[in-house]
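Asks: Structure in C-alpha cells, see below.
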Amino acid sequence: MPCEFAKTALPEVVLIKPQVFRDDRGFFLETFHKNKYAEVGISGNFVQDNHSYSKKNTLRGLHYQLLHPQGKLVYVISGEIFDVAVDIRRGSPSFGKWTGVHLSAENKYQLYIPEGFAHGFLVLSETADVLYKCTEIYTPDDDYGILWSDPAINITWQSSSPILSKKDQEYQTLKNIPETLLPLYKK
Ligand SMILES: Cc1cn([C@H]2C[C@H](O)[C@@H](COP(=O)(O)OP(=O)(O)O[C@H]3O[C@@H](C)C(=O)[C@@H](O)[C@H]3O)O2)c(=O)[nH]c1=O
C-alpha cells in the first residue's frame, strides 16, 4: 500500500499510514518526506524532535503553546497510545471538538496535529516510546494546557484514573480558560 493520508473527524488533523517495505531483513519506512507531506498541507518547518517514554496508563496532555504554536507529527516506535487532538481555536467551526486515533509500533500510523490544537495521549501498552516532530521550539513560558477530563470536550479515554503530572492535574477546563489564552482561528 502506498503512503495514505486520511482525514479525521477534524479535517485539518491528518492520519498518515506510511508505506512499509518489508523483506527478509525487516522493514523500512519513511517517517517524514518534505515534498510528499507538503502535498497534503503538512508544510511547516520542523525544528524540534522529541522522544517520550511512558508507563501504561500515563496520560500526557492536553498541551499547546500560544505565542509559539507547534504543529506536531506524532508516531510510536514501541507500544500503543490513544493520541488526541482538540480544536481550541477561538472562532473555529469545530471549536471544542476532538479526534483520537490509535498509534502503535505495529500499525506505524502517524498523526499530524496542526498549530492551534491541543494535544494529548494515553499509553495503552505496558510502556510506550512516542516520537514527535514540532514546527516550533519548546518555549517554557508559553506552555499551556487544558484539563484532560474536561466534561464539555468529553474525550472517551480508556482510563478513568490515569497517571498524570502535577501540572496536568491542575489545568482548567476549556470554558474556564480566558479567551486571550486561546489561539485564534485563521481561515
Ligand atoms: C515538552 C518539553 C519538555 N521539556 C522538559 C520540561 C520538563 O522539565 C520535562 C517534562 O515536560 P512535560 O511534563 O511538559 O512533558 P510532557 O507532559 O511529555 O509534554 C509534552 O506532552 C505532549 C502531549 C505534547 O504535545 C508536547 O508538546 C509536550 O507538551 O521536560 C523540554 O526540555 N523540552 C520540551 O520540548
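In the C-alpha cells, chains take letters A, B, ... by order of appearance, with residues numbered from 1 within each chain and ligands from 1 in the order shown.
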Taking only C-alpha atoms and all ligand atoms into account, report as a PyMOL selection string which residues have an atom no farther than 8 Å from an atom of ligand 1.
Replies: chain A and resi 48+50+52+60-65+70+72+118-121+134+137-140+143+165+167-168
Asks: Which of stretch 1-69 of chain A end up as helix (DSSP H, G or I) when DSSP is run on this backbone - answer as a list in words?
Replies: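 The helix (DSSP H, G or I) subset of stretch 1-69 of chain A is Lys34, Asn35, Lys36, Tyr37 and Ala38 of chain A.
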Asks: Restricting the calculation to only C-alpha atoms: of A:Val130, A:Gln172, A:Val86, A:Thr135, which residue gets closest to A:Asp150?
Replies: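 Residue with the minimum atom-to-atom distance to A:Asp150: A:Gln172.
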Asks: I want to know what sits within 7 Å of A:Val74, based on only C-alpha atoms, with residues of the same chain fewer than 4 positions away left out; could you give that as an MDAnalysis selection string?
Replies: chainID A and resid 110:112 131:133
Asks: Would you list the contacts of A:Asp142 as a list in words, taking every protein, DNA or RNA residue within 8 Å and counting only C-alpha atoms, but skipping same-chain residues closer than 4 positions in sequence?
Replies: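 Contacts, in chain order: Gln65, Leu66, Leu67 and His68 of chain A.
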Asks: Would you save the residues from that selection as a PDB file, in the first residue's frame, using C-alpha atoms?
Replies:
ATOM      1  CA  GLN A  65       1.768  26.725  23.058  1.00  0.00           C
ATOM      2  CA  LEU A  66       0.007  30.037  22.442  1.00  0.00           C
ATOM      3  CA  LEU A  67       2.517  32.536  21.026  1.00  0.00           C
ATOM      4  CA  HIS A  68       4.798  29.893  19.548  1.00  0.00           C
TER       5      HIS A  68
END
Asks: I'd like the contact shell of A:Leu59 - 6 Å cut-off, only C-alpha atoms, skipping same-chain residues fewer than 3 positions apart - returned as an MDAnalysis selection string.
Replies: chainID A and resid 121:122 162:164
Asks: Taking C-alpha atoms for each residue, export the selection above as a CSV table (one decimal), in the first residue's frame.
Replies:
chain,number,residue,atom,x,y,z
A,121,PHE,CA,-2.2,10.9,24.6
A,122,LEU,CA,-2.9,7.9,26.9
A,162,PRO,CA,-4.6,7.8,34.6
A,163,ILE,CA,-1.1,8.6,35.8
A,164,LEU,CA,-0.7,12.4,35.4
Asks: I'd like a table as a Markdown table: residues in stretch 54-105 of chain A with an atom no more than 9 Å from stretch 11-28 of chain A, each row giving the shortest atom pair and its distance in Å to one decimal, only C-alpha atoms counted, sorted by chain and rising residue number.
Replies:
| residue | atom | partner | partner_atom | distance |
| --- | --- | --- | --- | --- |
| A:Ala85 | CA | A:Val13 | CA | 7.6 |
| A:Thr99 | CA | A:Val13 | CA | 8.1 |
| A:Val101 | CA | A:Leu15 | CA | 8.1 |
Asks: Going by DSSP on the backbone, which residues of chain A come out as strand (DSSP E or B)? List them as number ranges by chain.
Replies: A: 4-7, 14-17, 21-23, 26-28, 48-55, 58-65, 72-78, 80-87, 90, 98-104, 110-113, 117-123, 127-134, 143-145, 163, 184
Asks: Save out the residues we just selected, C-alpha atoms, as a PDB file, in the first residue's frame.
Replies:
ATOM      1  CA  GLU A   4      -2.020   7.128   2.633  1.00  0.00           C
ATOM      2  CA  PHE A   5      -3.120  10.474   4.049  1.00  0.00           C
ATOM      3  CA  ALA A   6      -6.580  10.287   5.601  1.00  0.00           C
ATOM      4  CA  LYS A   7      -8.816  12.983   7.016  1.00  0.00           C
ATOM      5  CA  VAL A  14      -4.260  14.189   9.271  1.00  0.00           C
ATOM      6  CA  LEU A  15      -3.847  10.463   9.845  1.00  0.00           C
ATOM      7  CA  ILE A  16      -0.860   9.112   7.929  1.00  0.00           C
ATOM      8  CA  LYS A  17      -0.476   5.444   7.085  1.00  0.00           C
ATOM      9  CA  PHE A  21       8.639  -2.056   2.798  1.00  0.00           C
ATOM     10  CA  ARG A  22       9.208  -5.465   4.306  1.00  0.00           C
ATOM     11  CA  ASP A  23      11.848  -8.027   3.335  1.00  0.00           C
ATOM     12  CA  GLY A  26      12.978  -6.490   8.455  1.00  0.00           C
ATOM     13  CA  PHE A  27      11.231  -3.320   7.286  1.00  0.00           C
ATOM     14  CA  PHE A  28      11.832   0.183   6.038  1.00  0.00           C
ATOM     15  CA  GLN A  48      12.489  20.124  17.113  1.00  0.00           C
ATOM     16  CA  ASP A  49      12.195  16.343  17.571  1.00  0.00           C
ATOM     17  CA  ASN A  50      11.040  14.818  20.875  1.00  0.00           C
ATOM     18  CA  HIS A  51      11.001  11.354  22.413  1.00  0.00           C
ATOM     19  CA  SER A  52       8.970  10.462  25.483  1.00  0.00           C
ATOM     20  CA  TYR A  53       8.808   7.105  27.203  1.00  0.00           C
ATOM     21  CA  SER A  54       5.879   6.364  29.481  1.00  0.00           C
ATOM     22  CA  LYS A  55       4.388   3.580  31.519  1.00  0.00           C
ATOM     23  CA  THR A  58       0.158   7.505  31.665  1.00  0.00           C
ATOM     24  CA  LEU A  59      -1.739  10.412  30.178  1.00  0.00           C
ATOM     25  CA  ARG A  60       0.191  13.435  28.935  1.00  0.00           C
ATOM     26  CA  GLY A  61      -1.919  16.419  27.929  1.00  0.00           C
ATOM     27  CA  LEU A  62      -3.779  18.346  26.804  1.00  0.00           C
ATOM     28  CA  HIS A  63      -0.972  20.711  25.796  1.00  0.00           C
ATOM     29  CA  TYR A  64      -0.430  23.682  23.500  1.00  0.00           C
ATOM     30  CA  GLN A  65       1.768  26.725  23.058  1.00  0.00           C
ATOM     31  CA  LYS A  72       3.215  18.080  15.722  1.00  0.00           C
ATOM     32  CA  LEU A  73       3.841  14.919  13.740  1.00  0.00           C
ATOM     33  CA  VAL A  74       3.431  12.051  16.208  1.00  0.00           C
ATOM     34  CA  TYR A  75       4.331   8.363  15.933  1.00  0.00           C
ATOM     35  CA  VAL A  76       5.140   5.434  18.170  1.00  0.00           C
ATOM     36  CA  ILE A  77       8.145   3.127  17.971  1.00  0.00           C
ATOM     37  CA  SER A  78       7.236   0.815  20.845  1.00  0.00           C
ATOM     38  CA  GLU A  80       0.498   1.724  21.694  1.00  0.00           C
ATOM     39  CA  ILE A  81      -1.166   5.026  22.534  1.00  0.00           C
ATOM     40  CA  PHE A  82      -4.504   6.727  22.026  1.00  0.00           C
ATOM     41  CA  ASP A  83      -3.489  10.054  20.542  1.00  0.00           C
ATOM     42  CA  VAL A  84      -5.879  13.007  20.711  1.00  0.00           C
ATOM     43  CA  ALA A  85      -6.154  16.459  19.152  1.00  0.00           C
ATOM     44  CA  VAL A  86      -8.648  19.092  20.332  1.00  0.00           C
ATOM     45  CA  ASP A  87      -9.558  22.164  18.312  1.00  0.00           C
ATOM     46  CA  ARG A  90     -11.405  30.708  19.088  1.00  0.00           C
ATOM     47  CA  TRP A  98     -11.715  16.328  19.413  1.00  0.00           C
ATOM     48  CA  THR A  99     -10.434  13.423  17.372  1.00  0.00           C
ATOM     49  CA  GLY A 100      -8.415  10.410  18.526  1.00  0.00           C
ATOM     50  CA  VAL A 101      -6.559   7.550  16.868  1.00  0.00           C
ATOM     51  CA  HIS A 102      -4.604   4.521  17.991  1.00  0.00           C
ATOM     52  CA  LEU A 103      -0.934   4.846  17.090  1.00  0.00           C
ATOM     53  CA  SER A 104       1.312   1.864  17.667  1.00  0.00           C
ATOM     54  CA  GLN A 110       1.247   8.888  12.386  1.00  0.00           C
ATOM     55  CA  LEU A 111      -0.976  11.785  13.420  1.00  0.00           C
ATOM     56  CA  TYR A 112      -0.361  15.342  12.267  1.00  0.00           C
ATOM     57  CA  ILE A 113      -1.782  17.902  14.687  1.00  0.00           C
ATOM     58  CA  PHE A 117      -4.862  22.396  18.533  1.00  0.00           C
ATOM     59  CA  ALA A 118      -4.240  20.925  21.973  1.00  0.00           C
ATOM     60  CA  HIS A 119      -2.564  17.506  22.056  1.00  0.00           C
ATOM     61  CA  GLY A 120      -2.503  14.623  24.495  1.00  0.00           C
ATOM     62  CA  PHE A 121      -2.183  10.862  24.636  1.00  0.00           C
ATOM     63  CA  LEU A 122      -2.887   7.869  26.855  1.00  0.00           C
ATOM     64  CA  VAL A 123      -0.497   4.905  26.963  1.00  0.00           C
ATOM     65  CA  THR A 127       5.236   1.080  28.087  1.00  0.00           C
ATOM     66  CA  ALA A 128       5.395   3.301  25.009  1.00  0.00           C
ATOM     67  CA  ASP A 129       8.060   5.270  23.178  1.00  0.00           C
ATOM     68  CA  VAL A 130       6.471   8.244  21.434  1.00  0.00           C
ATOM     69  CA  LEU A 131       8.348  10.374  18.931  1.00  0.00           C
ATOM     70  CA  TYR A 132       7.141  13.677  17.534  1.00  0.00           C
ATOM     71  CA  LYS A 133       8.453  16.405  15.323  1.00  0.00           C
ATOM     72  CA  CYS A 134       7.471  20.012  16.097  1.00  0.00           C
ATOM     73  CA  ASP A 143       3.399  26.220  27.813  1.00  0.00           C
ATOM     74  CA  TYR A 144      -0.395  25.908  28.336  1.00  0.00           C
ATOM     75  CA  GLY A 145      -2.882  23.128  28.860  1.00  0.00           C
ATOM     76  CA  ILE A 163      -1.053   8.646  35.796  1.00  0.00           C
ATOM     77  CA  LEU A 184      -7.352  32.467  17.242  1.00  0.00           C
TER      78      LEU A 184
END
